[in-house]
Structure formats: structure tokens, C-alpha cells
Amino acid sequence: MSKGVAEQTIARSAQDVWMYAADIVRHAEWMTVTDARIVSGDGTQTGARGRERMRFGPFGWDVEFEVVDAKPGRRIAWRSVSGAPFDLDVALDLEPMGPASTKATYGADIRLHGLWRLLSPMLAMEAKTGPARELQKLKTAVEAAAGMAPAMS
């Protein structure tokens, strides 16, 4: 098991941050994924599902995930449900610090299965740096976004 957590202050409202982060189509803009798409639901409600191509070094998997918690402006959390040799839980918690400032806490918990557990030392390094890197990308993207028009299709 590898866990990682990062915190940032983002110069946007908690609602703006949540809308951007919850938009599955935008995950590839700030997460270590490609080809993010909605599979069922609108992608922002509990029970909605998405599929993304996840990368870890030379490996890649098409992972289906489910939104397991969705509180607009406060929290969005996802859990992998198929397609990868690991279980993954990811959550973004938001705390308004004012009308245009938000404390964001972003974390991931990854549990490898079978022989993939041999990669645990490498995964531990990624768990320390990955959430901070992704949260920094989210901060940059949200602060640069004008009008916060959703990219959902």
C-alpha cells in the first residue's frame, strides 16, 4: 500500500476548483492520465463512471473508475473498479479560504496486486511526488481558466 497527500492554496473559489476537478474530460489536463472520458452518468455525481488511460513508468492501463463521493464545492473522490492490477482511491477535499481562495488537499491510496507488488518501492516514490505534481497542475490550470466553461461532452 502506498499513500500520498499534497496541499495547495488555489486562487479560485472552491466551487470553481471543484467544477474543474470533477470534470472527467479534464482529468488528462492535470492528472497522470490520457484519453479520459465519461462512461455513465454526468461524471460529477456519486455512482458516475469514467475510463482513463493511466500511466506508470513504461506501463499503461485502461482503468474504469467510479465517483464514490461528490459534494459540490467541498469534495470529489474516485475509486478504480476495473482494468488495473491495483486498487486506487483518489480524493480532492476543498476548504474555502475566502471568496476567491481555496485550500485543496489531494491524496491517493494505491494497493498493488499479485506480482505487481514487486513494484512497491517505485510506487512509494511516486506516492510521495505524484499527488503534489498533479495538484500543482490543477492549481495552474484552474487559476488560468477563464470563465470556467465545462469541457464535459
# chains A, B, ... in the order shown; residues from 1 in each chain; ligands from 1

$ residues_around --residues "A:Gly107" --least-positions-apart "5" --cutoff "6 Å" --atoms "only C-alpha atoms" --output "number ranges by chain"
A: 4-5, 90-91, 131

$ select_by_dssp --residues "stretch 6-137 of chain A" --states "strand (DSSP E or B)" --output "short mmCIF file (atom, residue, chain, number, x, y, z; two decimals) with all heavy atoms, in the first residue's frame"
data_model
loop_
_atom_site.label_atom_id
_atom_site.label_comp_id
_atom_site.auth_asym_id
_atom_site.auth_seq_id
_atom_site.Cartn_x
_atom_site.Cartn_y
_atom_site.Cartn_z
N ALA A 6 -1.07 15.81 -0.75
CA ALA A 6 -0.48 17.12 -1.01
C ALA A 6 -1.51 18.19 -0.72
O ALA A 6 -2.72 17.94 -0.80
CB ALA A 6 -0.03 17.21 -2.46
N GLU A 7 -1.02 19.38 -0.38
CA GLU A 7 -1.90 20.54 -0.13
C GLU A 7 -1.41 21.72 -0.93
O GLU A 7 -0.21 21.90 -1.13
CB GLU A 7 -1.90 20.91 1.36
CG GLU A 7 -2.67 19.97 2.23
CD GLU A 7 -2.78 20.47 3.67
OE1 GLU A 7 -2.22 21.54 4.00
OE2 GLU A 7 -3.42 19.78 4.46
N GLN A 8 -2.35 22.53 -1.39
CA GLN A 8 -2.06 23.77 -2.11
C GLN A 8 -3.15 24.77 -1.79
O GLN A 8 -4.30 24.39 -1.52
CB GLN A 8 -2.09 23.55 -3.63
CG GLN A 8 -0.91 22.89 -4.22
CD GLN A 8 0.21 23.89 -4.55
OE1 GLN A 8 0.08 25.10 -4.37
NE2 GLN A 8 1.31 23.37 -5.02
N THR A 9 -2.82 26.04 -1.88
CA THR A 9 -3.83 27.09 -1.85
C THR A 9 -4.02 27.54 -3.29
O THR A 9 -3.05 27.88 -3.97
CB THR A 9 -3.42 28.27 -0.96
OG1 THR A 9 -3.24 27.77 0.38
CG2 THR A 9 -4.47 29.36 -0.96
N ILE A 10 -5.26 27.50 -3.74
CA ILE A 10 -5.60 27.85 -5.12
C ILE A 10 -6.38 29.15 -5.12
O ILE A 10 -7.34 29.31 -4.37
CB ILE A 10 -6.41 26.72 -5.79
CG1 ILE A 10 -5.58 25.42 -5.77
CG2 ILE A 10 -6.81 27.10 -7.21
CD1 ILE A 10 -6.32 24.19 -6.29
N VAL A 33 -2.95 10.87 -16.60
CA VAL A 33 -3.81 10.01 -17.41
C VAL A 33 -3.94 10.62 -18.80
O VAL A 33 -3.64 11.80 -19.01
CB VAL A 33 -5.22 9.84 -16.79
CG1 VAL A 33 -5.14 9.27 -15.39
CG2 VAL A 33 -6.00 11.14 -16.79
N THR A 34 -4.42 9.80 -19.73
CA THR A 34 -4.75 10.28 -21.07
C THR A 34 -6.11 9.72 -21.44
O THR A 34 -6.62 8.81 -20.77
CB THR A 34 -3.71 9.82 -22.11
OG1 THR A 34 -3.68 8.40 -22.12
CG2 THR A 34 -2.32 10.36 -21.81
N ASP A 35 -6.69 10.24 -22.47
CA ASP A 35 -7.93 9.70 -23.02
C ASP A 35 -9.01 9.54 -21.95
O ASP A 35 -9.63 8.49 -21.83
CB ASP A 35 -7.65 8.37 -23.72
CG ASP A 35 -8.85 7.88 -24.52
OD1 ASP A 35 -9.57 8.74 -25.09
OD2 ASP A 35 -9.08 6.67 -24.56
N ALA A 36 -9.25 10.55 -21.16
CA ALA A 36 -10.28 10.50 -20.12
C ALA A 36 -11.65 10.72 -20.73
O ALA A 36 -11.84 11.63 -21.54
CB ALA A 36 -9.99 11.56 -19.06
N ARG A 37 -12.60 9.87 -20.36
CA ARG A 37 -13.95 10.03 -20.88
C ARG A 37 -14.98 9.52 -19.88
O ARG A 37 -14.68 8.69 -19.03
CB ARG A 37 -14.09 9.31 -22.22
CG ARG A 37 -13.89 7.83 -22.16
CD ARG A 37 -13.81 7.24 -23.59
NE ARG A 37 -13.65 5.82 -23.59
CZ ARG A 37 -12.51 5.17 -23.44
NH1 ARG A 37 -11.39 5.84 -23.22
NH2 ARG A 37 -12.46 3.85 -23.46
N ILE A 38 -16.19 10.01 -20.01
CA ILE A 38 -17.31 9.59 -19.16
C ILE A 38 -17.90 8.32 -19.75
O ILE A 38 -18.11 8.22 -20.95
CB ILE A 38 -18.37 10.70 -19.09
CG1 ILE A 38 -17.79 11.96 -18.43
CG2 ILE A 38 -19.61 10.22 -18.34
CD1 ILE A 38 -18.66 13.19 -18.56
N VAL A 39 -18.16 7.33 -18.87
CA VAL A 39 -18.76 6.06 -19.29
C VAL A 39 -20.25 6.04 -18.96
O VAL A 39 -21.06 5.59 -19.74
CB VAL A 39 -18.03 4.87 -18.63
CG1 VAL A 39 -18.74 3.56 -18.90
CG2 VAL A 39 -16.59 4.81 -19.10
N SER A 40 -20.60 6.56 -17.77
CA SER A 40 -22.01 6.62 -17.38
C SER A 40 -22.24 7.78 -16.43
O SER A 40 -21.33 8.20 -15.72
CB SER A 40 -22.47 5.31 -16.73
OG SER A 40 -21.84 5.12 -15.48
N ARG A 49 -19.41 6.94 -13.74
CA ARG A 49 -18.18 6.20 -14.08
C ARG A 49 -17.45 6.86 -15.23
O ARG A 49 -18.04 7.50 -16.08
CB ARG A 49 -18.50 4.76 -14.45
CG ARG A 49 -18.92 3.97 -13.22
CD ARG A 49 -18.94 2.50 -13.50
NE ARG A 49 -19.22 1.79 -12.26
CZ ARG A 49 -18.85 0.56 -12.03
NH1 ARG A 49 -18.16 -0.11 -12.93
NH2 ARG A 49 -19.14 -0.03 -10.89
N GLY A 50 -16.14 6.67 -15.20
CA GLY A 50 -15.28 7.16 -16.27
C GLY A 50 -14.24 6.12 -16.61
O GLY A 50 -14.09 5.12 -15.90
N ARG A 51 -13.52 6.36 -17.70
CA ARG A 51 -12.43 5.47 -18.11
C ARG A 51 -11.27 6.36 -18.54
O ARG A 51 -11.47 7.34 -19.26
CB ARG A 51 -12.86 4.57 -19.25
CG ARG A 51 -11.75 3.63 -19.71
CD ARG A 51 -12.25 2.61 -20.71
NE ARG A 51 -13.11 1.62 -20.10
CZ ARG A 51 -12.69 0.53 -19.46
NH1 ARG A 51 -11.41 0.30 -19.33
NH2 ARG A 51 -13.53 -0.33 -18.94
N GLU A 52 -10.09 6.00 -18.06
CA GLU A 52 -8.88 6.77 -18.37
C GLU A 52 -7.73 5.81 -18.65
O GLU A 52 -7.68 4.72 -18.10
CB GLU A 52 -8.50 7.67 -17.19
CG GLU A 52 -9.56 8.67 -16.85
CD GLU A 52 -9.33 9.44 -15.57
OE1 GLU A 52 -8.61 8.95 -14.66
OE2 GLU A 52 -9.90 10.53 -15.46
N ARG A 53 -6.80 6.26 -19.47
CA ARG A 53 -5.56 5.52 -19.70
C ARG A 53 -4.57 6.02 -18.66
O ARG A 53 -4.13 7.17 -18.71
CB ARG A 53 -5.05 5.80 -21.11
CG ARG A 53 -3.79 5.08 -21.45
CD ARG A 53 -4.08 3.66 -21.85
NE ARG A 53 -2.84 2.99 -22.25
CZ ARG A 53 -2.67 1.70 -22.17
NH1 ARG A 53 -3.64 0.92 -21.76
NH2 ARG A 53 -1.53 1.17 -22.52
N MET A 54 -4.25 5.18 -17.68
CA MET A 54 -3.32 5.55 -16.61
C MET A 54 -1.92 5.11 -16.99
O MET A 54 -1.73 4.05 -17.57
CB MET A 54 -3.72 4.90 -15.29
CG MET A 54 -5.07 5.36 -14.79
SD MET A 54 -5.43 4.72 -13.15
CE MET A 54 -4.46 5.85 -12.19
N ARG A 55 -0.93 5.93 -16.65
CA ARG A 55 0.47 5.64 -16.94
C ARG A 55 1.25 5.52 -15.64
O ARG A 55 1.06 6.30 -14.72
CB ARG A 55 1.08 6.77 -17.77
CG ARG A 55 0.39 7.07 -19.07
CD ARG A 55 0.53 6.05 -20.14
NE ARG A 55 1.93 5.71 -20.36
CZ ARG A 55 2.32 4.59 -20.96
NH1 ARG A 55 1.44 3.75 -21.41
NH2 ARG A 55 3.60 4.34 -21.13
N PHE A 56 2.14 4.53 -15.61
CA PHE A 56 3.09 4.40 -14.50
C PHE A 56 4.38 3.89 -15.12
O PHE A 56 4.49 2.70 -15.46
CB PHE A 56 2.56 3.43 -13.43
CG PHE A 56 3.51 3.26 -12.28
CD1 PHE A 56 3.78 4.32 -11.42
CD2 PHE A 56 4.15 2.06 -12.07
CE1 PHE A 56 4.67 4.16 -10.36
CE2 PHE A 56 5.04 1.89 -11.02
CZ PHE A 56 5.30 2.95 -10.17
N PHE A 59 4.45 1.35 -18.10
CA PHE A 59 3.20 0.61 -18.09
C PHE A 59 2.01 1.54 -18.28
O PHE A 59 2.04 2.70 -17.90
CB PHE A 59 3.04 -0.14 -16.75
CG PHE A 59 4.20 -1.04 -16.43
CD1 PHE A 59 5.12 -0.66 -15.47
CD2 PHE A 59 4.39 -2.22 -17.11
CE1 PHE A 59 6.21 -1.47 -15.17
CE2 PHE A 59 5.48 -3.03 -16.83
CZ PHE A 59 6.39 -2.66 -15.85
N GLY A 60 0.95 0.98 -18.86
CA GLY A 60 -0.28 1.73 -19.04
C GLY A 60 -1.48 0.80 -18.96
O GLY A 60 -1.40 -0.35 -19.37
N TRP A 61 -2.56 1.31 -18.41
CA TRP A 61 -3.78 0.53 -18.25
C TRP A 61 -4.98 1.41 -18.55
O TRP A 61 -5.00 2.60 -18.20
CB TRP A 61 -3.93 0.00 -16.82
CG TRP A 61 -2.80 -0.84 -16.36
CD1 TRP A 61 -2.62 -2.18 -16.58
CD2 TRP A 61 -1.67 -0.40 -15.60
NE1 TRP A 61 -1.45 -2.58 -15.99
CE2 TRP A 61 -0.84 -1.52 -15.38
CE3 TRP A 61 -1.26 0.83 -15.09
CZ2 TRP A 61 0.34 -1.46 -14.67
CZ3 TRP A 61 -0.08 0.91 -14.39
CH2 TRP A 61 0.71 -0.23 -14.18
N ASP A 62 -6.02 0.81 -19.16
CA ASP A 62 -7.30 1.48 -19.32
C ASP A 62 -8.12 1.14 -18.09
O ASP A 62 -8.59 0.02 -17.93
CB ASP A 62 -8.00 1.00 -20.59
CG ASP A 62 -7.29 1.48 -21.84
OD1 ASP A 62 -6.87 2.65 -21.86
OD2 ASP A 62 -7.12 0.68 -22.78
N VAL A 63 -8.25 2.12 -17.22
CA VAL A 63 -8.87 1.90 -15.91
C VAL A 63 -10.25 2.54 -15.87
O VAL A 63 -10.42 3.71 -16.22
CB VAL A 63 -7.99 2.49 -14.78
CG1 VAL A 63 -8.66 2.32 -13.43
CG2 VAL A 63 -6.62 1.84 -14.80
N GLU A 64 -11.23 1.75 -15.46
CA GLU A 64 -12.56 2.29 -15.22
C GLU A 64 -12.65 2.65 -13.74
O GLU A 64 -12.16 1.91 -12.88
CB GLU A 64 -13.65 1.29 -15.59
CG GLU A 64 -15.03 1.92 -15.51
CD GLU A 64 -16.11 1.08 -16.20
OE1 GLU A 64 -15.83 0.48 -17.25
OE2 GLU A 64 -17.23 1.05 -15.65
N PHE A 65 -13.24 3.79 -13.45
CA PHE A 65 -13.36 4.24 -12.07
C PHE A 65 -14.76 4.76 -11.82
O PHE A 65 -15.51 5.04 -12.75
CB PHE A 65 -12.31 5.31 -11.75
CG PHE A 65 -12.46 6.54 -12.59
CD1 PHE A 65 -13.23 7.60 -12.15
CD2 PHE A 65 -11.86 6.62 -13.84
CE1 PHE A 65 -13.39 8.72 -12.93
CE2 PHE A 65 -12.01 7.74 -14.63
CZ PHE A 65 -12.78 8.80 -14.17
N GLU A 66 -15.09 4.88 -10.55
CA GLU A 66 -16.40 5.35 -10.13
C GLU A 66 -16.25 6.54 -9.19
O GLU A 66 -15.33 6.57 -8.37
CB GLU A 66 -17.14 4.22 -9.42
CG GLU A 66 -18.52 4.58 -8.96
CD GLU A 66 -19.26 3.39 -8.36
OE1 GLU A 66 -18.64 2.36 -8.08
OE2 GLU A 66 -20.48 3.52 -8.16
N VAL A 67 -17.14 7.50 -9.33
CA VAL A 67 -17.20 8.60 -8.37
C VAL A 67 -17.85 8.03 -7.11
O VAL A 67 -18.98 7.55 -7.15
CB VAL A 67 -18.03 9.79 -8.91
CG1 VAL A 67 -18.14 10.88 -7.86
CG2 VAL A 67 -17.42 10.33 -10.20
N VAL A 68 -17.11 8.02 -6.00
CA VAL A 68 -17.63 7.43 -4.76
C VAL A 68 -18.10 8.48 -3.75
O VAL A 68 -18.78 8.15 -2.79
CB VAL A 68 -16.60 6.48 -4.09
CG1 VAL A 68 -16.38 5.26 -4.99
CG2 VAL A 68 -15.29 7.17 -3.80
N ASP A 69 -17.75 9.74 -3.99
CA ASP A 69 -18.21 10.82 -3.12
C ASP A 69 -18.17 12.11 -3.92
O ASP A 69 -17.17 12.41 -4.56
CB ASP A 69 -17.30 10.93 -1.89
CG ASP A 69 -17.92 11.75 -0.76
OD1 ASP A 69 -19.09 12.18 -0.89
OD2 ASP A 69 -17.22 11.97 0.24
N ALA A 70 -19.27 12.83 -3.91
CA ALA A 70 -19.35 14.09 -4.65
C ALA A 70 -20.16 15.10 -3.86
O ALA A 70 -21.37 14.98 -3.74
CB ALA A 70 -19.99 13.85 -6.02
N LYS A 71 -19.45 16.08 -3.32
CA LYS A 71 -20.09 17.18 -2.59
C LYS A 71 -19.61 18.47 -3.26
O LYS A 71 -18.48 18.91 -3.01
CB LYS A 71 -19.69 17.15 -1.12
CG LYS A 71 -20.19 15.93 -0.37
CD LYS A 71 -19.76 15.97 1.08
CE LYS A 71 -20.25 14.75 1.82
NZ LYS A 71 -19.41 13.57 1.64
N ARG A 75 -15.85 18.29 -1.95
CA ARG A 75 -15.11 17.02 -2.07
C ARG A 75 -15.53 16.26 -3.33
O ARG A 75 -16.70 16.24 -3.68
CB ARG A 75 -15.38 16.15 -0.84
CG ARG A 75 -14.71 14.79 -0.86
CD ARG A 75 -15.01 14.04 0.45
NE ARG A 75 -14.60 12.66 0.42
CZ ARG A 75 -13.35 12.23 0.60
NH1 ARG A 75 -12.38 13.11 0.83
NH2 ARG A 75 -13.05 10.95 0.56
N ILE A 76 -14.55 15.63 -3.95
CA ILE A 76 -14.80 14.68 -5.03
C ILE A 76 -13.82 13.53 -4.82
O ILE A 76 -12.65 13.76 -4.51
CB ILE A 76 -14.68 15.31 -6.44
CG1 ILE A 76 -15.07 14.34 -7.54
CG2 ILE A 76 -13.30 15.88 -6.69
CD1 ILE A 76 -16.52 14.28 -7.86
N ALA A 77 -14.32 12.29 -4.92
CA ALA A 77 -13.46 11.13 -4.70
C ALA A 77 -13.81 10.05 -5.72
O ALA A 77 -14.97 9.88 -6.10
CB ALA A 77 -13.64 10.58 -3.28
N TRP A 78 -12.76 9.34 -6.17
CA TRP A 78 -12.90 8.30 -7.18
C TRP A 78 -12.27 7.01 -6.68
O TRP A 78 -11.33 7.04 -5.90
CB TRP A 78 -12.19 8.72 -8.47
CG TRP A 78 -12.59 10.04 -9.01
CD1 TRP A 78 -13.65 10.31 -9.86
CD2 TRP A 78 -11.96 11.31 -8.80
NE1 TRP A 78 -13.69 11.64 -10.17
CE2 TRP A 78 -12.67 12.29 -9.53
CE3 TRP A 78 -10.85 11.72 -8.04
CZ2 TRP A 78 -12.31 13.63 -9.55
CZ3 TRP A 78 -10.50 13.05 -8.04
CH2 TRP A 78 -11.22 14.00 -8.79
N ARG A 79 -12.76 5.88 -7.20
CA ARG A 79 -12.19 4.57 -6.88
C ARG A 79 -12.12 3.75 -8.17
O ARG A 79 -13.09 3.70 -8.93
CB ARG A 79 -13.06 3.84 -5.87
CG ARG A 79 -12.58 2.41 -5.56
CD ARG A 79 -13.35 1.77 -4.44
NE ARG A 79 -13.06 2.50 -3.22
CZ ARG A 79 -13.97 2.83 -2.31
NH1 ARG A 79 -15.23 2.49 -2.45
NH2 ARG A 79 -13.62 3.49 -1.23
N SER A 80 -10.97 3.11 -8.40
CA SER A 80 -10.86 2.23 -9.57
C SER A 80 -11.76 1.02 -9.37
O SER A 80 -11.91 0.53 -8.25
CB SER A 80 -9.40 1.80 -9.77
OG SER A 80 -8.96 1.03 -8.66
N VAL A 81 -12.39 0.57 -10.46
CA VAL A 81 -13.27 -0.60 -10.37
C VAL A 81 -12.86 -1.72 -11.31
O VAL A 81 -13.24 -2.87 -11.09
CB VAL A 81 -14.76 -0.23 -10.59
CG1 VAL A 81 -15.26 0.65 -9.47
CG2 VAL A 81 -14.98 0.43 -11.94
N SER A 82 -12.07 -1.43 -12.35
CA SER A 82 -11.60 -2.49 -13.24
C SER A 82 -10.50 -1.96 -14.15
O SER A 82 -10.33 -0.76 -14.33
CB SER A 82 -12.75 -3.03 -14.10
OG SER A 82 -13.20 -2.06 -15.01
N PHE A 86 -4.20 -3.04 -9.64
CA PHE A 86 -4.14 -2.36 -8.35
C PHE A 86 -5.51 -1.79 -8.02
O PHE A 86 -6.37 -1.66 -8.89
CB PHE A 86 -3.10 -1.22 -8.35
CG PHE A 86 -3.25 -0.26 -9.50
CD1 PHE A 86 -4.21 0.74 -9.48
CD2 PHE A 86 -2.43 -0.36 -10.61
CE1 PHE A 86 -4.35 1.63 -10.53
CE2 PHE A 86 -2.55 0.51 -11.67
CZ PHE A 86 -3.51 1.52 -11.63
N ASP A 87 -5.71 -1.49 -6.75
CA ASP A 87 -6.88 -0.74 -6.30
C ASP A 87 -6.40 0.68 -6.06
O ASP A 87 -5.31 0.89 -5.50
CB ASP A 87 -7.45 -1.31 -4.99
CG ASP A 87 -8.02 -2.71 -5.17
OD1 ASP A 87 -8.59 -2.99 -6.23
OD2 ASP A 87 -7.88 -3.53 -4.24
N LEU A 88 -7.19 1.64 -6.47
CA LEU A 88 -6.80 3.04 -6.34
C LEU A 88 -7.97 3.85 -5.81
O LEU A 88 -9.08 3.76 -6.32
CB LEU A 88 -6.38 3.58 -7.71
CG LEU A 88 -6.09 5.08 -7.81
CD1 LEU A 88 -4.87 5.45 -6.96
CD2 LEU A 88 -5.86 5.48 -9.26
N ASP A 89 -7.71 4.62 -4.76
CA ASP A 89 -8.66 5.58 -4.22
C ASP A 89 -8.00 6.95 -4.28
O ASP A 89 -6.86 7.11 -3.83
CB ASP A 89 -9.02 5.26 -2.77
CG ASP A 89 -9.85 3.99 -2.66
OD1 ASP A 89 -10.98 4.00 -3.17
OD2 ASP A 89 -9.35 3.01 -2.09
N VAL A 90 -8.70 7.91 -4.86
CA VAL A 90 -8.19 9.27 -5.00
C VAL A 90 -9.25 10.23 -4.50
O VAL A 90 -10.44 10.04 -4.76
CB VAL A 90 -7.87 9.58 -6.49
CG1 VAL A 90 -7.36 10.99 -6.65
CG2 VAL A 90 -6.87 8.59 -7.04
N ALA A 91 -8.84 11.28 -3.77
CA ALA A 91 -9.81 12.24 -3.25
C ALA A 91 -9.23 13.65 -3.28
O ALA A 91 -8.03 13.85 -3.06
CB ALA A 91 -10.21 11.89 -1.82
N LEU A 92 -10.10 14.60 -3.56
CA LEU A 92 -9.77 16.02 -3.50
C LEU A 92 -10.74 16.67 -2.53
O LEU A 92 -11.95 16.64 -2.74
CB LEU A 92 -9.90 16.66 -4.89
CG LEU A 92 -9.67 18.17 -4.94
CD1 LEU A 92 -8.21 18.51 -4.63
CD2 LEU A 92 -10.06 18.72 -6.31
N ASP A 93 -10.20 17.21 -1.44
CA ASP A 93 -11.00 17.91 -0.44
C ASP A 93 -10.70 19.40 -0.54
O ASP A 93 -9.53 19.80 -0.65
CB ASP A 93 -10.68 17.40 0.96
CG ASP A 93 -11.18 15.98 1.15
OD1 ASP A 93 -12.41 15.80 1.17
OD2 ASP A 93 -10.36 15.06 1.26
N LEU A 94 -11.75 20.20 -0.49
CA LEU A 94 -11.62 21.65 -0.66
C LEU A 94 -12.17 22.39 0.55
O LEU A 94 -13.24 22.05 1.07
CB LEU A 94 -12.38 22.09 -1.92
CG LEU A 94 -11.97 21.36 -3.20
CD1 LEU A 94 -12.94 21.67 -4.32
CD2 LEU A 94 -10.54 21.72 -3.58
N GLU A 95 -11.43 23.40 0.97
CA GLU A 95 -11.85 24.23 2.09
C GLU A 95 -11.78 25.69 1.66
O GLU A 95 -10.69 26.21 1.39
CB GLU A 95 -10.92 24.01 3.28
CG GLU A 95 -11.27 24.83 4.50
CD GLU A 95 -10.28 24.61 5.64
OE1 GLU A 95 -9.60 23.58 5.67
OE2 GLU A 95 -10.19 25.52 6.48
N PRO A 96 -12.95 26.36 1.56
CA PRO A 96 -12.93 27.77 1.17
C PRO A 96 -12.13 28.60 2.18
O PRO A 96 -12.28 28.45 3.39
CB PRO A 96 -14.41 28.17 1.20
CG PRO A 96 -15.16 26.89 1.12
CD PRO A 96 -14.30 25.86 1.80
N MET A 97 -11.25 29.45 1.66
CA MET A 97 -10.46 30.35 2.50
C MET A 97 -10.90 31.80 2.29
O MET A 97 -10.30 32.70 2.82
CB MET A 97 -8.97 30.20 2.14
CG MET A 97 -8.44 28.77 2.22
SD MET A 97 -8.47 28.10 3.88
CE MET A 97 -7.09 28.96 4.60
N GLY A 98 -11.92 31.99 1.49
CA GLY A 98 -12.44 33.30 1.14
C GLY A 98 -13.17 33.16 -0.18
O GLY A 98 -13.25 32.06 -0.74
N SER A 101 -10.33 32.02 -2.81
CA SER A 101 -9.16 31.28 -2.35
C SER A 101 -9.62 29.98 -1.71
O SER A 101 -10.59 29.98 -0.93
CB SER A 101 -8.36 32.11 -1.34
OG SER A 101 -7.21 31.42 -0.93
N THR A 102 -8.93 28.89 -2.04
CA THR A 102 -9.34 27.57 -1.57
C THR A 102 -8.13 26.76 -1.15
O THR A 102 -7.13 26.70 -1.87
CB THR A 102 -10.07 26.81 -2.71
OG1 THR A 102 -11.20 27.58 -3.12
CG2 THR A 102 -10.52 25.43 -2.26
N LYS A 103 -8.22 26.13 0.00
CA LYS A 103 -7.21 25.16 0.42
C LYS A 103 -7.62 23.82 -0.16
O LYS A 103 -8.72 23.32 0.11
CB LYS A 103 -7.12 25.07 1.93
CG LYS A 103 -6.14 24.02 2.42
CD LYS A 103 -6.16 23.97 3.94
CE LYS A 103 -5.35 22.79 4.46
NZ LYS A 103 -5.49 22.66 5.91
N ALA A 104 -6.75 23.22 -0.99
CA ALA A 104 -7.03 21.94 -1.62
C ALA A 104 -6.11 20.88 -1.03
O ALA A 104 -4.90 21.06 -0.96
CB ALA A 104 -6.80 22.05 -3.13
N THR A 105 -6.69 19.76 -0.62
CA THR A 105 -5.94 18.60 -0.14
C THR A 105 -6.26 17.44 -1.07
O THR A 105 -7.43 17.07 -1.24
CB THR A 105 -6.33 18.25 1.30
OG1 THR A 105 -6.14 19.41 2.13
CG2 THR A 105 -5.49 17.10 1.84
N TYR A 106 -5.22 16.90 -1.69
CA TYR A 106 -5.38 15.87 -2.71
C TYR A 106 -4.55 14.66 -2.33
O TYR A 106 -3.37 14.79 -2.01
CB TYR A 106 -4.90 16.45 -4.05
CG TYR A 106 -4.96 15.53 -5.23
CD1 TYR A 106 -6.17 15.03 -5.70
CD2 TYR A 106 -3.80 15.18 -5.91
CE1 TYR A 106 -6.22 14.21 -6.80
CE2 TYR A 106 -3.84 14.36 -7.01
CZ TYR A 106 -5.06 13.88 -7.46
OH TYR A 106 -5.10 13.06 -8.57
N GLY A 107 -5.18 13.50 -2.32
CA GLY A 107 -4.45 12.31 -1.91
C GLY A 107 -4.82 11.08 -2.71
O GLY A 107 -5.91 11.01 -3.32
N ALA A 108 -3.92 10.11 -2.72
CA ALA A 108 -4.14 8.85 -3.41
C ALA A 108 -3.66 7.70 -2.53
O ALA A 108 -2.69 7.83 -1.79
CB ALA A 108 -3.37 8.83 -4.73
N ASP A 109 -4.37 6.59 -2.62
CA ASP A 109 -4.02 5.36 -1.92
C ASP A 109 -4.03 4.25 -2.95
O ASP A 109 -5.07 3.96 -3.55
CB ASP A 109 -5.05 5.10 -0.82
CG ASP A 109 -4.76 3.85 -0.02
OD1 ASP A 109 -3.68 3.24 -0.19
OD2 ASP A 109 -5.63 3.45 0.78
N ILE A 110 -2.88 3.64 -3.19
CA ILE A 110 -2.73 2.60 -4.21
C ILE A 110 -2.32 1.29 -3.56
O ILE A 110 -1.38 1.25 -2.77
CB ILE A 110 -1.67 3.00 -5.26
CG1 ILE A 110 -2.01 4.35 -5.87
CG2 ILE A 110 -1.55 1.93 -6.34
CD1 ILE A 110 -0.90 4.93 -6.72
N ARG A 111 -3.04 0.21 -3.91
CA ARG A 111 -2.74 -1.11 -3.38
C ARG A 111 -2.52 -2.06 -4.57
O ARG A 111 -3.46 -2.36 -5.31
CB ARG A 111 -3.88 -1.60 -2.49
CG ARG A 111 -4.03 -0.73 -1.24
CD ARG A 111 -5.36 -0.88 -0.54
NE ARG A 111 -6.55 -0.70 -1.35
CZ ARG A 111 -7.05 0.47 -1.75
NH1 ARG A 111 -6.42 1.60 -1.46
NH2 ARG A 111 -8.16 0.54 -2.47
N LEU A 112 -1.29 -2.50 -4.74
CA LEU A 112 -0.93 -3.39 -5.84
C LEU A 112 -1.36 -4.83 -5.55
O LEU A 112 -1.43 -5.23 -4.39
CB LEU A 112 0.58 -3.36 -6.07
CG LEU A 112 1.16 -2.03 -6.55
CD1 LEU A 112 2.67 -2.05 -6.48
CD2 LEU A 112 0.69 -1.72 -7.96
#

$ atom_distance --atom1 "atom CA of A:Lys137" --atom2 "atom CA of A:Met31"
7.7 Å

$ atom_distance --atom1 "atom CA of A:Ala100" --atom2 "atom CA of A:Gly73"
12.3 Å

$ select_by_dssp --residues "stretch 13-94 of chain A" --states "alpha helix (DSSP H)" --output "PyMOL selection string"
chain A and resi 14-22+27-30

$ write_last_selection --atoms "N, CA, C and O atoms" --output "tab-separated table (two decimals), in the first residue's frame"
chain	number	residue	atom	x	y	z
A	14	ALA	N	-13.82	27.66	-4.15
A	14	ALA	CA	-13.90	26.21	-4.00
A	14	ALA	C	-14.83	25.62	-5.07
A	14	ALA	O	-14.57	24.54	-5.60
A	15	GLN	N	-15.88	26.33	-5.41
A	15	GLN	CA	-16.81	25.85	-6.43
A	15	GLN	C	-16.12	25.77	-7.80
A	15	GLN	O	-16.29	24.80	-8.53
A	16	ASP	N	-15.31	26.78	-8.14
A	16	ASP	CA	-14.58	26.75	-9.42
A	16	ASP	C	-13.60	25.58	-9.46
A	16	ASP	O	-13.50	24.89	-10.46
A	17	VAL	N	-12.88	25.37	-8.37
A	17	VAL	CA	-11.91	24.28	-8.30
A	17	VAL	C	-12.64	22.95	-8.45
A	17	VAL	O	-12.23	22.08	-9.22
A	18	TRP	N	-13.74	22.80	-7.73
A	18	TRP	CA	-14.50	21.55	-7.77
A	18	TRP	C	-15.03	21.28	-9.17
A	18	TRP	O	-14.92	20.16	-9.68
A	19	MET	N	-15.61	22.30	-9.80
A	19	MET	CA	-16.16	22.11	-11.15
A	19	MET	C	-15.09	21.64	-12.13
A	19	MET	O	-15.33	20.78	-12.97
A	20	TYR	N	-13.91	22.21	-12.03
A	20	TYR	CA	-12.81	21.83	-12.93
A	20	TYR	C	-12.33	20.41	-12.63
A	20	TYR	O	-12.20	19.59	-13.53
A	21	ALA	N	-12.07	20.13	-11.37
A	21	ALA	CA	-11.52	18.82	-10.98
A	21	ALA	C	-12.52	17.69	-11.21
A	21	ALA	O	-12.13	16.58	-11.59
A	22	ALA	N	-13.79	17.94	-10.98
A	22	ALA	CA	-14.82	16.91	-11.13
A	22	ALA	C	-15.11	16.58	-12.59
A	22	ALA	O	-15.68	15.52	-12.88
A	27	HIS	N	-9.55	15.57	-16.74
A	27	HIS	CA	-8.55	14.86	-15.93
A	27	HIS	C	-7.20	14.79	-16.62
A	27	HIS	O	-6.17	14.91	-15.96
A	28	ALA	N	-7.19	14.60	-17.92
A	28	ALA	CA	-5.92	14.49	-18.64
A	28	ALA	C	-5.13	15.80	-18.62
A	28	ALA	O	-3.93	15.80	-18.86
A	29	GLU	N	-5.79	16.91	-18.28
A	29	GLU	CA	-5.11	18.20	-18.20
A	29	GLU	C	-4.30	18.35	-16.92
A	29	GLU	O	-3.40	19.19	-16.86
A	30	TRP	N	-4.62	17.54	-15.90
A	30	TRP	CA	-3.90	17.72	-14.63
A	30	TRP	C	-3.49	16.42	-13.94
A	30	TRP	O	-2.63	16.44	-13.07
